[in-house]
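Novice: Here you go, this is structure26.txt (compact mmCIF, C-alpha atoms and all ligand atoms).
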```txt
# COMPACT_ATOMS: atom_id res chain seq x y z
CA MET A 1 218.20 190.14 24.90
CA GLU A 2 216.18 189.54 21.77
CA LEU A 3 216.55 187.46 18.64
CA ALA A 4 214.15 188.68 15.98
CA ILE A 5 213.35 186.73 12.85
CA LYS A 6 211.74 189.13 10.43
CA ASN A 7 209.81 187.98 7.41
CA VAL A 8 212.24 185.19 6.56
CA SER A 9 211.67 183.11 3.43
CA LYS A 10 213.93 180.54 1.81
CA ASN A 11 213.66 178.93 -1.58
CA TYR A 12 215.75 176.03 -2.84
CA GLY A 13 215.08 176.41 -6.56
CA LYS A 14 211.33 175.88 -6.86
CA VAL A 15 210.96 174.46 -3.34
CA GLN A 16 209.85 177.04 -0.81
CA ALA A 17 211.28 175.70 2.45
CA LEU A 18 210.26 178.74 4.52
CA SER A 19 207.56 181.26 3.83
CA HIS A 20 207.50 184.69 5.54
CA ILE A 21 208.45 183.59 9.06
CA SER A 22 208.50 186.25 11.79
CA LEU A 23 209.32 185.40 15.41
CA LYS A 24 210.75 187.04 18.49
CA LEU A 25 212.79 185.03 20.98
CA GLU A 26 213.85 186.15 24.44
CA LYS A 27 215.56 184.35 27.34
CA GLY A 28 214.34 180.81 27.90
CA ALA A 29 213.77 177.58 26.01
CA TYR A 30 211.77 177.50 22.79
CA GLY A 31 210.64 174.35 21.09
CA LEU A 32 210.64 174.36 17.29
CA LEU A 33 208.26 171.58 16.42
CA GLY A 34 207.12 170.18 13.11
CA PRO A 35 207.11 167.06 10.95
CA ASN A 36 209.99 166.13 8.66
CA GLY A 37 210.30 168.62 5.82
CA ALA A 38 208.62 171.41 7.81
CA GLY A 39 211.65 173.70 7.41
CA LYS A 40 213.15 173.39 10.91
CA SER A 41 216.71 172.70 9.75
CA THR A 42 216.52 175.45 7.16
CA LEU A 43 215.39 177.95 9.80
CA ILE A 44 218.18 176.82 12.13
CA GLN A 45 220.80 177.16 9.41
CA ILE A 46 219.57 180.69 8.77
CA ILE A 47 219.60 181.59 12.47
CA THR A 48 223.14 180.24 12.85
CA GLY A 49 224.19 182.39 9.91
CA ASN A 50 225.24 179.38 7.83
CA LEU A 51 222.54 179.95 5.23
CA LYS A 52 221.29 183.19 3.74
CA PRO A 53 217.55 183.75 3.59
CA SER A 54 216.04 184.46 0.16
CA GLU A 55 214.07 187.23 1.83
CA GLY A 56 213.98 188.84 5.29
CA ASN A 57 216.62 189.03 7.99
CA ILE A 58 217.62 187.94 11.49
CA TYR A 59 218.45 190.56 14.13
CA PHE A 60 220.14 190.06 17.48
CA ASN A 61 219.48 193.00 19.81
CA GLY A 62 218.52 195.04 16.79
CA LYS A 63 221.61 194.26 14.72
CA GLU A 64 221.47 192.28 11.50
CA ILE A 65 223.41 189.03 12.08
CA GLN A 66 224.80 188.79 8.55
CA LYS A 67 226.53 192.14 9.07
CA GLU A 68 227.80 191.22 12.54
CA GLY A 69 229.85 188.25 11.27
CA LYS A 70 232.29 187.00 13.93
CA ASN A 71 230.72 189.11 16.67
CA TYR A 72 227.52 187.14 16.22
CA LYS A 73 229.28 183.75 15.96
CA ARG A 74 230.95 184.46 19.29
CA ILE A 75 227.66 184.63 21.15
CA LEU A 76 226.20 181.61 19.37
CA GLY A 77 226.41 177.94 20.38
CA TYR A 78 225.20 175.28 17.98
CA ALA A 79 224.78 171.55 18.51
CA PRO A 80 224.07 170.06 15.08
CA GLN A 81 222.04 166.95 14.44
CA SER A 82 224.78 164.64 13.32
CA GLN A 83 226.73 162.67 15.85
CA GLY A 84 229.68 162.60 13.48
CA LEU A 85 232.11 163.22 16.30
CA TYR A 86 235.83 162.81 16.33
CA ASP A 87 235.86 159.25 17.67
CA MET A 88 239.58 159.17 18.44
CA PHE A 89 239.48 162.31 20.62
CA THR A 90 238.93 162.04 24.34
CA ALA A 91 236.10 164.17 25.72
CA GLU A 92 238.56 166.67 27.15
CA LYS A 93 240.69 166.92 23.99
CA PHE A 94 237.58 167.32 21.85
CA LEU A 95 236.38 170.28 23.91
CA GLU A 96 239.87 171.82 23.86
CA TYR A 97 239.99 171.45 20.09
CA ILE A 98 236.58 173.10 19.59
CA ALA A 99 237.57 175.86 22.03
CA LEU A 100 240.58 176.63 19.83
CA LEU A 101 238.37 176.70 16.73
CA LYS A 102 236.08 179.11 18.56
CA GLU A 103 239.12 181.32 19.26
CA ILE A 104 238.65 181.20 23.00
CA LYS A 105 241.75 182.61 24.74
CA LYS A 106 244.27 179.81 25.40
CA ALA A 107 244.62 180.68 29.07
CA GLU A 108 240.86 180.41 29.46
CA ILE A 109 240.47 176.99 27.87
CA PRO A 110 241.34 174.58 30.75
CA ARG A 111 238.95 176.29 33.14
CA GLN A 112 236.10 176.39 30.64
CA VAL A 113 236.61 172.80 29.53
CA ALA A 114 236.59 171.56 33.14
CA GLU A 115 233.47 173.58 33.88
CA ILE A 116 231.62 172.26 30.85
CA LEU A 117 232.60 168.65 31.55
CA LYS A 118 231.07 169.16 34.97
CA THR A 119 227.91 170.79 33.60
CA VAL A 120 227.30 167.93 31.18
CA GLY A 121 228.18 165.31 33.80
CA LEU A 122 231.18 163.93 31.94
CA THR A 123 234.08 164.82 34.25
CA GLU A 124 234.70 161.20 35.08
CA ALA A 125 234.66 160.28 31.40
CA GLN A 126 236.97 163.11 30.33
CA ASP A 127 239.84 160.78 29.36
CA ARG A 128 237.66 158.32 27.49
CA LYS A 129 237.48 158.35 23.71
CA LEU A 130 234.26 159.62 22.14
CA GLY A 131 234.06 156.50 19.96
CA GLY A 132 233.18 154.46 23.04
CA PHE A 133 230.52 156.86 24.33
CA SER A 134 226.83 155.91 24.57
CA GLY A 135 224.29 157.86 22.51
CA GLY A 136 223.35 159.99 25.52
CA MET A 137 226.97 160.78 26.34
CA LYS A 138 227.61 161.79 22.72
CA GLN A 139 224.62 164.12 22.80
CA ARG A 140 225.83 165.66 26.03
CA ILE A 141 229.34 166.32 24.72
CA LEU A 142 227.78 167.78 21.57
CA ILE A 143 225.73 170.17 23.69
CA GLY A 144 228.84 170.77 25.82
CA GLN A 145 230.88 171.96 22.86
CA ALA A 146 228.04 174.34 21.98
CA LEU A 147 228.27 175.79 25.50
CA LEU A 148 231.96 176.73 25.13
CA GLY A 149 232.37 180.49 25.29
CA ASN A 150 229.15 180.79 27.32
CA PRO A 151 226.95 181.69 24.33
CA LYS A 152 223.88 183.89 24.69
CA ILE A 153 222.07 181.89 22.03
CA LEU A 154 222.08 178.10 22.03
CA ILE A 155 220.65 176.14 19.11
CA LEU A 156 220.02 172.43 19.48
CA ASP A 157 218.96 170.38 16.46
CA GLU A 158 217.16 167.16 17.45
CA PRO A 159 219.08 166.83 20.72
CA THR A 160 217.48 163.50 21.63
CA ALA A 161 217.75 161.76 18.25
CA GLY A 162 218.57 158.09 18.69
CA LEU A 163 218.33 158.09 22.48
CA ASP A 164 216.42 155.68 24.70
CA PRO A 165 213.64 157.07 26.96
CA LYS A 166 215.86 157.29 30.04
CA GLU A 167 218.54 159.22 28.17
CA ARG A 168 215.89 161.48 26.66
CA ILE A 169 214.68 162.47 30.13
CA ARG A 170 218.22 163.17 31.26
CA ILE A 171 218.95 165.41 28.25
CA ARG A 172 215.61 167.17 28.69
CA ASN A 173 216.30 167.98 32.34
CA PHE A 174 219.76 169.08 31.45
CA ILE A 175 218.52 171.48 28.74
CA SER A 176 215.99 172.85 31.17
CA ARG A 177 218.76 173.66 33.65
CA ILE A 178 220.98 175.47 31.17
CA SER A 179 218.21 177.49 29.55
CA LYS A 180 217.74 179.98 32.37
CA ASN A 181 220.00 182.77 31.09
CA LYS A 182 220.07 182.07 27.39
CA ILE A 183 217.91 181.99 24.36
CA VAL A 184 217.68 178.25 23.68
CA LEU A 185 216.02 176.98 20.53
CA ILE A 186 215.38 173.24 20.35
CA ALA A 187 214.29 171.77 17.02
CA THR A 188 212.56 168.44 17.28
CA HIS A 189 209.68 166.37 16.01
CA VAL A 190 209.33 164.70 19.41
CA VAL A 191 206.65 166.52 21.41
CA SER A 192 207.71 165.13 24.79
CA ASP A 193 211.21 166.61 24.36
CA ILE A 194 209.93 170.11 24.84
CA GLU A 195 206.38 170.22 26.17
CA THR A 196 207.44 170.51 29.80
CA ILE A 197 210.55 172.67 29.39
CA ALA A 198 209.70 175.18 26.66
CA ARG A 199 208.43 178.63 27.59
CA GLU A 200 207.04 178.76 24.09
CA ILE A 201 206.42 176.29 21.32
CA ILE A 202 206.73 177.25 17.67
CA LEU A 203 204.89 174.98 15.26
CA LEU A 204 206.23 174.88 11.74
CA GLY A 205 204.56 173.03 8.88
CA LYS A 206 205.52 173.06 5.19
CA GLY A 207 207.51 176.23 5.70
CA ASN A 208 204.68 178.11 7.40
CA LEU A 209 204.21 179.21 10.98
CA MET A 210 201.25 177.07 12.09
CA GLY A 211 201.11 178.16 15.72
CA GLN A 212 203.08 179.76 18.50
CA GLY A 213 202.53 180.20 22.21
CA THR A 214 203.11 178.90 25.70
CA PRO A 215 202.26 175.20 26.06
CA GLU A 216 199.36 176.24 28.28
CA ASN A 217 197.86 178.65 25.75
CA LEU A 218 198.31 176.24 22.85
CA CYS A 219 196.53 173.55 24.85
CA LYS A 220 193.70 175.95 25.70
CA THR A 221 192.92 176.33 21.98
CA LEU A 222 191.70 172.72 22.03
CA ALA A 223 189.76 172.90 25.30
CA GLY A 224 186.49 170.97 24.99
CA ASN A 225 187.71 169.06 21.95
CA VAL A 226 189.69 166.21 23.51
CA TRP A 227 188.03 163.13 24.92
CA GLU A 228 188.73 159.71 26.27
CA CYS A 229 186.69 156.53 26.39
CA THR A 230 187.24 152.87 27.10
CA ILE A 231 185.92 150.54 24.42
CA HIS A 232 186.22 146.96 23.21
CA SER A 233 188.88 146.55 20.58
CA GLU A 234 186.35 145.51 17.92
CA GLN A 235 184.65 148.91 18.29
CA TYR A 236 187.87 150.73 17.48
CA PRO A 237 187.45 150.95 13.66
CA ILE A 238 184.09 152.71 14.15
CA LEU A 239 185.58 155.27 16.52
CA GLU A 240 188.63 155.81 14.33
CA GLU A 241 186.38 156.59 11.40
CA LYS A 242 184.46 159.24 13.33
CA ALA A 243 187.22 160.95 15.31
CA MET A 244 190.91 161.82 15.15
CA VAL A 245 192.64 159.36 17.49
CA SER A 246 195.49 160.77 19.51
CA ASN A 247 196.41 157.85 21.74
CA VAL A 248 195.49 154.21 22.31
CA GLN A 249 196.25 152.27 25.45
CA GLU A 250 195.65 148.54 25.90
CA MET A 251 193.71 147.77 29.08
CA PRO A 252 193.15 144.49 30.90
CA GLY A 253 190.22 142.34 29.72
CA GLY A 254 190.51 143.11 25.98
CA THR A 255 189.44 146.73 26.28
CA ILE A 256 191.34 149.79 25.05
CA ARG A 257 191.40 153.34 26.29
CA VAL A 258 191.24 155.75 23.38
CA ARG A 259 192.06 159.45 23.47
CA PHE A 260 190.63 161.38 20.55
CA LEU A 261 189.82 164.80 19.16
CA SER A 262 186.28 165.75 18.29
CA GLU A 263 184.44 169.04 18.13
CA GLU A 264 182.01 169.53 20.99
CA THR A 265 179.17 169.84 18.48
CA SER A 266 179.69 166.36 17.08
CA ILE A 267 180.43 164.55 20.34
CA SER A 268 176.82 163.62 21.11
CA SER A 269 176.70 160.96 18.36
CA LEU A 270 179.88 159.45 19.80
CA GLN A 271 178.49 159.61 23.30
CA ALA A 272 175.44 157.72 22.07
CA ALA A 273 177.59 155.04 20.40
CA PHE A 274 180.19 154.57 23.12
CA ILE A 275 179.66 154.57 26.83
CA ASP A 276 181.97 156.42 29.15
CA VAL A 277 183.05 159.24 26.79
CA ARG A 278 184.55 161.95 29.01
CA PRO A 279 186.36 165.22 28.33
CA VAL A 280 190.08 165.43 29.18
CA PHE A 281 192.51 168.32 29.29
CA PRO A 282 194.38 168.74 25.98
CA ASN A 283 198.13 168.25 25.76
CA ILE A 284 200.69 169.34 23.16
CA GLN A 285 200.52 165.98 21.42
CA ASP A 286 196.83 166.70 20.74
CA VAL A 287 197.68 170.20 19.48
CA TYR A 288 200.34 168.76 17.20
CA LEU A 289 197.98 166.15 15.84
CA ASN A 290 195.23 168.69 15.29
CA ILE A 291 197.47 171.08 13.36
CA PHE A 292 199.44 168.61 11.31
CA SER A 293 196.71 166.21 10.29
CA GLU A 294 194.75 169.18 8.97
CA SER A 295 197.66 170.46 6.93
CA ARG A 296 198.35 167.09 5.31
P1 LIG B 301 213.02 169.76 8.52
O1 LIG B 301 214.32 170.08 9.16
O2 LIG B 301 211.82 170.31 9.25
O3 LIG B 301 212.87 168.30 8.24
P2 LIG B 301 214.15 171.02 6.15
O4 LIG B 301 214.49 172.41 6.48
O5 LIG B 301 215.27 170.02 6.13
O6 LIG B 301 212.97 170.50 7.09
O7 LIG B 301 213.47 170.97 4.71
C1 LIG B 301 212.40 171.83 4.31
C2 LIG B 301 212.12 171.61 2.82
O8 LIG B 301 213.21 172.06 2.04
C3 LIG B 301 211.91 170.16 2.43
O9 LIG B 301 210.93 170.12 1.42
C4 LIG B 301 213.25 169.74 1.90
O10 LIG B 301 213.11 168.69 0.96
C5 LIG B 301 213.74 171.02 1.26
N1 LIG B 301 215.22 171.16 1.29
C6 LIG B 301 215.99 171.21 2.40
N2 LIG B 301 217.29 171.39 2.09
C7 LIG B 301 217.35 171.45 0.72
C8 LIG B 301 218.42 171.61 -0.23
N3 LIG B 301 219.68 171.78 0.15
N4 LIG B 301 218.08 171.62 -1.54
C9 LIG B 301 216.80 171.47 -1.94
N5 LIG B 301 215.75 171.31 -1.09
C10 LIG B 301 216.01 171.29 0.21
```
Do you think you could lay out the structure here as structure tokens?
Ligand code: ADP
Specialist:
Amino acid sequence: MELAIKNVSKNYGKVQALSHISLKLEKGAYGLLGPNGAGKSTLIQIITGNLKPSEGNIYFNGKEIQKEGKNYKRILGYAPQSQGLYDMFTAEKFLEYIALLKEIKKAEIPRQVAEILKTVGLTEAQDRKLGGFSGGMKQRILIGQALLGNPKILILDEPTAGLDPKERIRIRNFISRISKNKIVLIATHVVSDIETIAREIILLGKGNLMGQGTPENLCKTLAGNVWECTIHSEQYPILEEKAMVSNVQEMPGGTIRVRFLSEETSISSLQAAFIDVRPVFPNIQDVYLNIFSESR
């Protein structure tokens, strides 16, 4: 199973939203990461077949998706960003309605709907109206509708938007579980949504591919460049001027623990100025910061 994005560009008038993007996706979860305006939604719209690229094409198992039409739509599940759900529908009726729109055989619908309600943990809420659902429940039913028809490709646009940390974790674990036998593409600007579940992370910035790889390999690119030290808060402006700060944590006694990026060659001046500067293993947040503060 392979989804190939070949040399895809998209212009909106003079705005180039995507510039010569080529990617290959196989089974597993992929994180599409980038700041607002990076082109994530545009790429997703093109992959779902809702938008035509200005240049290039998308191929599923070697076949051009634009030419496949309904055959492609049938193997595709899409959970859009908006939570503009049908508030008056119950969870069960909503799934039945979407199943009809997806032209799933009528006799098949009750079984599939029951199965999906179970998968997304909403069986007990099946008779409740969507209008009364929490943010996390709405996201789950939105992902649930995308799973109708057991799609081979699942596209999730900002699946944790507006959720509290607990709900985020639940959605993340849930996506991880369902991504075993599918190509799952998750667009987000929240690093923690995908860093532990994605087999690969795709970094998009201003329409360009800024990086791609397993979380481990992306982190390795920064090995030796991420540090931590504990300083007094009044020293912070000096450190911030010299290094790219990735995280700040308040500590007892008026001190702060600062995580920052600095090339190994320039660390000695920092080590002279601040005690206790020690190397730490990079994470995806550091990678993100490194790539996107450079491209600003
Ligand atoms: P993201 O989803 O990463 O925030 P988008 O794909 O929405 O990025 O946007 C990429 C770029 O294309 C931005 O500069 C945005 O302003 C522009 N853009 C997106 N949609 C349109 C549109 N329909 N018309 C004109 N410009 C657009």
Novice: Please, what distance in Å, to one decimal, runs between CA of Asp127 in chain A and CA of Lys106 in chain A?
Specialist: 19.9 Å
Novice: Using only C-alpha atoms, find all polymer residues with an atom at most 12 Å away from the point (238.8, 175.7, 29.3); report them as number ranges by chain.
Specialist: A: 92-100, 102-118, 144-145, 147-150
Novice: Go ahead and dump the residues you just picked, C-alpha atoms, as a PDB file, in the frame of the given file.
Specialist:
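What ended up in selection34.pdb:
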```
ATOM      1  CA  GLU A  92     238.560 166.670  27.150  1.00  0.00           C
ATOM      2  CA  LYS A  93     240.690 166.920  23.990  1.00  0.00           C
ATOM      3  CA  PHE A  94     237.580 167.320  21.850  1.00  0.00           C
ATOM      4  CA  LEU A  95     236.380 170.280  23.910  1.00  0.00           C
ATOM      5  CA  GLU A  96     239.870 171.820  23.860  1.00  0.00           C
ATOM      6  CA  TYR A  97     239.990 171.450  20.090  1.00  0.00           C
ATOM      7  CA  ILE A  98     236.580 173.100  19.590  1.00  0.00           C
ATOM      8  CA  ALA A  99     237.570 175.860  22.030  1.00  0.00           C
ATOM      9  CA  LEU A 100     240.580 176.630  19.830  1.00  0.00           C
ATOM     10  CA  LYS A 102     236.080 179.110  18.560  1.00  0.00           C
ATOM     11  CA  GLU A 103     239.120 181.320  19.260  1.00  0.00           C
ATOM     12  CA  ILE A 104     238.650 181.200  23.000  1.00  0.00           C
ATOM     13  CA  LYS A 105     241.750 182.610  24.740  1.00  0.00           C
ATOM     14  CA  LYS A 106     244.270 179.810  25.400  1.00  0.00           C
ATOM     15  CA  ALA A 107     244.620 180.680  29.070  1.00  0.00           C
ATOM     16  CA  GLU A 108     240.860 180.410  29.460  1.00  0.00           C
ATOM     17  CA  ILE A 109     240.470 176.990  27.870  1.00  0.00           C
ATOM     18  CA  PRO A 110     241.340 174.580  30.750  1.00  0.00           C
ATOM     19  CA  ARG A 111     238.950 176.290  33.140  1.00  0.00           C
ATOM     20  CA  GLN A 112     236.100 176.390  30.640  1.00  0.00           C
ATOM     21  CA  VAL A 113     236.610 172.800  29.530  1.00  0.00           C
ATOM     22  CA  ALA A 114     236.590 171.560  33.140  1.00  0.00           C
ATOM     23  CA  GLU A 115     233.470 173.580  33.880  1.00  0.00           C
ATOM     24  CA  ILE A 116     231.620 172.260  30.850  1.00  0.00           C
ATOM     25  CA  LEU A 117     232.600 168.650  31.550  1.00  0.00           C
ATOM     26  CA  LYS A 118     231.070 169.160  34.970  1.00  0.00           C
ATOM     27  CA  GLY A 144     228.840 170.770  25.820  1.00  0.00           C
ATOM     28  CA  GLN A 145     230.880 171.960  22.860  1.00  0.00           C
ATOM     29  CA  LEU A 147     228.270 175.790  25.500  1.00  0.00           C
ATOM     30  CA  LEU A 148     231.960 176.730  25.130  1.00  0.00           C
ATOM     31  CA  GLY A 149     232.370 180.490  25.290  1.00  0.00           C
ATOM     32  CA  ASN A 150     229.150 180.790  27.320  1.00  0.00           C
TER      33      ASN A 150
END
```
Novice: Give me, as a list in words, the set of residues whose atoms come within 8 Å of any atom of ligand LIG 301 (chain B), counting only C-alpha atoms and all ligand atoms.
Specialist: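 Listing the residues within 8 Å of ligand LIG 301 (chain B) gives Asn11, Tyr12, Gly13, Val15, Gln16, Ala17, Leu18, Gly34, Pro35, Asn36, Gly37, Ala38, Gly39, Lys40, Ser41, Thr42, Leu43, Leu204, Gly205, Lys206 and Gly207 of chain A.
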Novice: Figure out the distance between CA of Ile58 in chain A and CA of Leu23 in chain A, please, to one decimal in Å.
Specialist: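 So the two atoms, CA of Leu23 in chain A and CA of Ile58 in chain A, lie 9.5 Å apart.
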Novice: Which one of A:Tyr288, A:Phe89, A:Asn57, A:Gly62 sits closest to Arg128 in chain A if you count all atoms listed in the file?
Specialist: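 When distances to Arg128 in chain A are compared using all atoms listed in the file, the smallest one comes from A:Phe89.
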Novice: Nearest residue to Thr188 in chain A out of A:Ala243, A:Leu25, A:Ile202, A:Ile143, using only C-alpha atoms?
Specialist: A:Ile202
Novice: Just give me the residues with any atom within 10 Å of (210.2, 170.5, 24.6), file coordinates, counting all atoms listed in the file, written as JSON, numbers by chain.
Specialist: {"A": [29, 30, 31, 32, 33, 172, 175, 176, 185, 186, 187, 188, 189, 190, 191, 192, 193, 194, 195, 196, 197, 198, 199, 200, 201, 215, 284]}
Novice: Could you work out how far CA of Ile169 in chain A lies from CA of Val280 in chain A, giving the answer in Å with one decimal?
Specialist: 24.8 Å
Novice: Using all atoms listed in the file, which residue out of A:Ala125, A:Leu203, A:Thr48, A:Ala161 lies closest to Phe292 in chain A?
Specialist: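 Distance minimum relative to Phe292 in chain A lands on A:Leu203.
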Novice: Quick one: everything within 10 Å of range 222-224 of chain A, counting all atoms listed in the file, minus sequence neighbours fewer than 4 positions away in the same chain. Send it as a ChimeraX atom specification.
Specialist: /A:217-218,261-265,267,279-284,286-287,290
Novice: Near Gln81 in chain A, counting all atoms listed in the file, which residues have an atom at most 9 Å away, once you skip same-chain residues fewer than 5 positions from it, shown as a list in words?
Specialist: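 Here the answer would be Leu156, Asp157, Glu158, Pro159 and Ala161 of chain A.
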Novice: Residues of the last selection are to be written out with C-alpha atoms, as a compact mmCIF listing (two decimals), keeping the file's coordinate frame.
Specialist:
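Once everything was written out, this is out-v4.txt:
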```txt
# COMPACT_ATOMS: atom_id res chain seq x y z
CA LEU A 156 220.02 172.43 19.48
CA ASP A 157 218.96 170.38 16.46
CA GLU A 158 217.16 167.16 17.45
CA PRO A 159 219.08 166.83 20.72
CA ALA A 161 217.75 161.76 18.25
```
Novice: Mind completing range 5-31 of chain A with N, CA and C atoms? Output as a compact mmCIF listing (two decimals), keeping the file's coordinate frame, please?
Specialist:
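Ended up saving to rebuild-v4.txt:
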```
# COMPACT_ATOMS: atom_id res chain seq x y z
N ILE A 5 213.38 187.30 14.20
CA ILE A 5 213.35 186.73 12.85
C ILE A 5 212.27 187.51 12.11
N LYS A 6 212.71 188.24 11.08
CA LYS A 6 211.74 189.13 10.43
C LYS A 6 211.49 188.72 8.99
N ASN A 7 210.29 188.26 8.76
CA ASN A 7 209.81 187.98 7.41
C ASN A 7 210.77 187.11 6.60
N VAL A 8 211.23 186.03 7.21
CA VAL A 8 212.24 185.19 6.56
C VAL A 8 211.60 184.14 5.63
N SER A 9 212.07 184.15 4.38
CA SER A 9 211.67 183.11 3.43
C SER A 9 212.92 182.48 2.86
N LYS A 10 212.80 181.20 2.46
CA LYS A 10 213.93 180.54 1.81
C LYS A 10 213.44 179.62 0.70
N ASN A 11 213.98 179.82 -0.47
CA ASN A 11 213.66 178.93 -1.58
C ASN A 11 214.90 178.14 -1.97
N TYR A 12 214.69 176.84 -2.21
CA TYR A 12 215.75 176.03 -2.84
C TYR A 12 215.23 175.77 -4.25
N GLY A 13 215.67 176.54 -5.22
CA GLY A 13 215.08 176.41 -6.56
C GLY A 13 213.59 176.67 -6.45
N LYS A 14 212.80 175.68 -6.90
CA LYS A 14 211.33 175.88 -6.86
C LYS A 14 210.73 175.53 -5.50
N VAL A 15 211.50 174.86 -4.65
CA VAL A 15 210.96 174.46 -3.34
C VAL A 15 211.01 175.63 -2.37
N GLN A 16 209.84 175.99 -1.84
CA GLN A 16 209.85 177.04 -0.81
C GLN A 16 209.90 176.37 0.56
N ALA A 17 211.09 176.38 1.17
CA ALA A 17 211.28 175.70 2.45
C ALA A 17 210.77 176.53 3.61
N LEU A 18 210.80 177.85 3.48
CA LEU A 18 210.26 178.74 4.52
C LEU A 18 209.51 179.88 3.86
N SER A 19 208.39 180.24 4.45
CA SER A 19 207.56 181.26 3.83
C SER A 19 207.19 182.35 4.85
N HIS A 20 207.83 183.51 4.74
CA HIS A 20 207.50 184.69 5.54
C HIS A 20 207.38 184.39 7.04
N ILE A 21 208.46 183.92 7.63
CA ILE A 21 208.45 183.59 9.06
C ILE A 21 208.92 184.80 9.88
N SER A 22 208.11 185.20 10.85
CA SER A 22 208.50 186.25 11.79
C SER A 22 208.31 185.74 13.21
N LEU A 23 209.36 185.89 14.02
CA LEU A 23 209.32 185.40 15.41
C LEU A 23 210.20 186.28 16.27
N LYS A 24 209.88 186.34 17.55
CA LYS A 24 210.75 187.04 18.49
C LYS A 24 211.09 186.10 19.63
N LEU A 25 212.38 185.92 19.90
CA LEU A 25 212.79 185.03 20.98
C LEU A 25 213.52 185.83 22.05
N GLU A 26 213.14 185.54 23.30
CA GLU A 26 213.85 186.15 24.44
C GLU A 26 214.41 185.03 25.30
N LYS A 27 214.96 185.38 26.49
CA LYS A 27 215.56 184.35 27.34
C LYS A 27 214.62 183.20 27.63
N GLY A 28 215.16 181.98 27.60
CA GLY A 28 214.34 180.81 27.90
C GLY A 28 214.41 179.79 26.78
N ALA A 29 213.75 178.66 27.00
CA ALA A 29 213.77 177.58 26.01
C ALA A 29 212.57 177.67 25.08
N TYR A 30 212.83 177.52 23.81
CA TYR A 30 211.77 177.50 22.79
C TYR A 30 211.83 176.18 22.04
N GLY A 31 210.70 175.59 21.85
CA GLY A 31 210.64 174.35 21.09
C GLY A 31 210.22 174.66 19.67
```
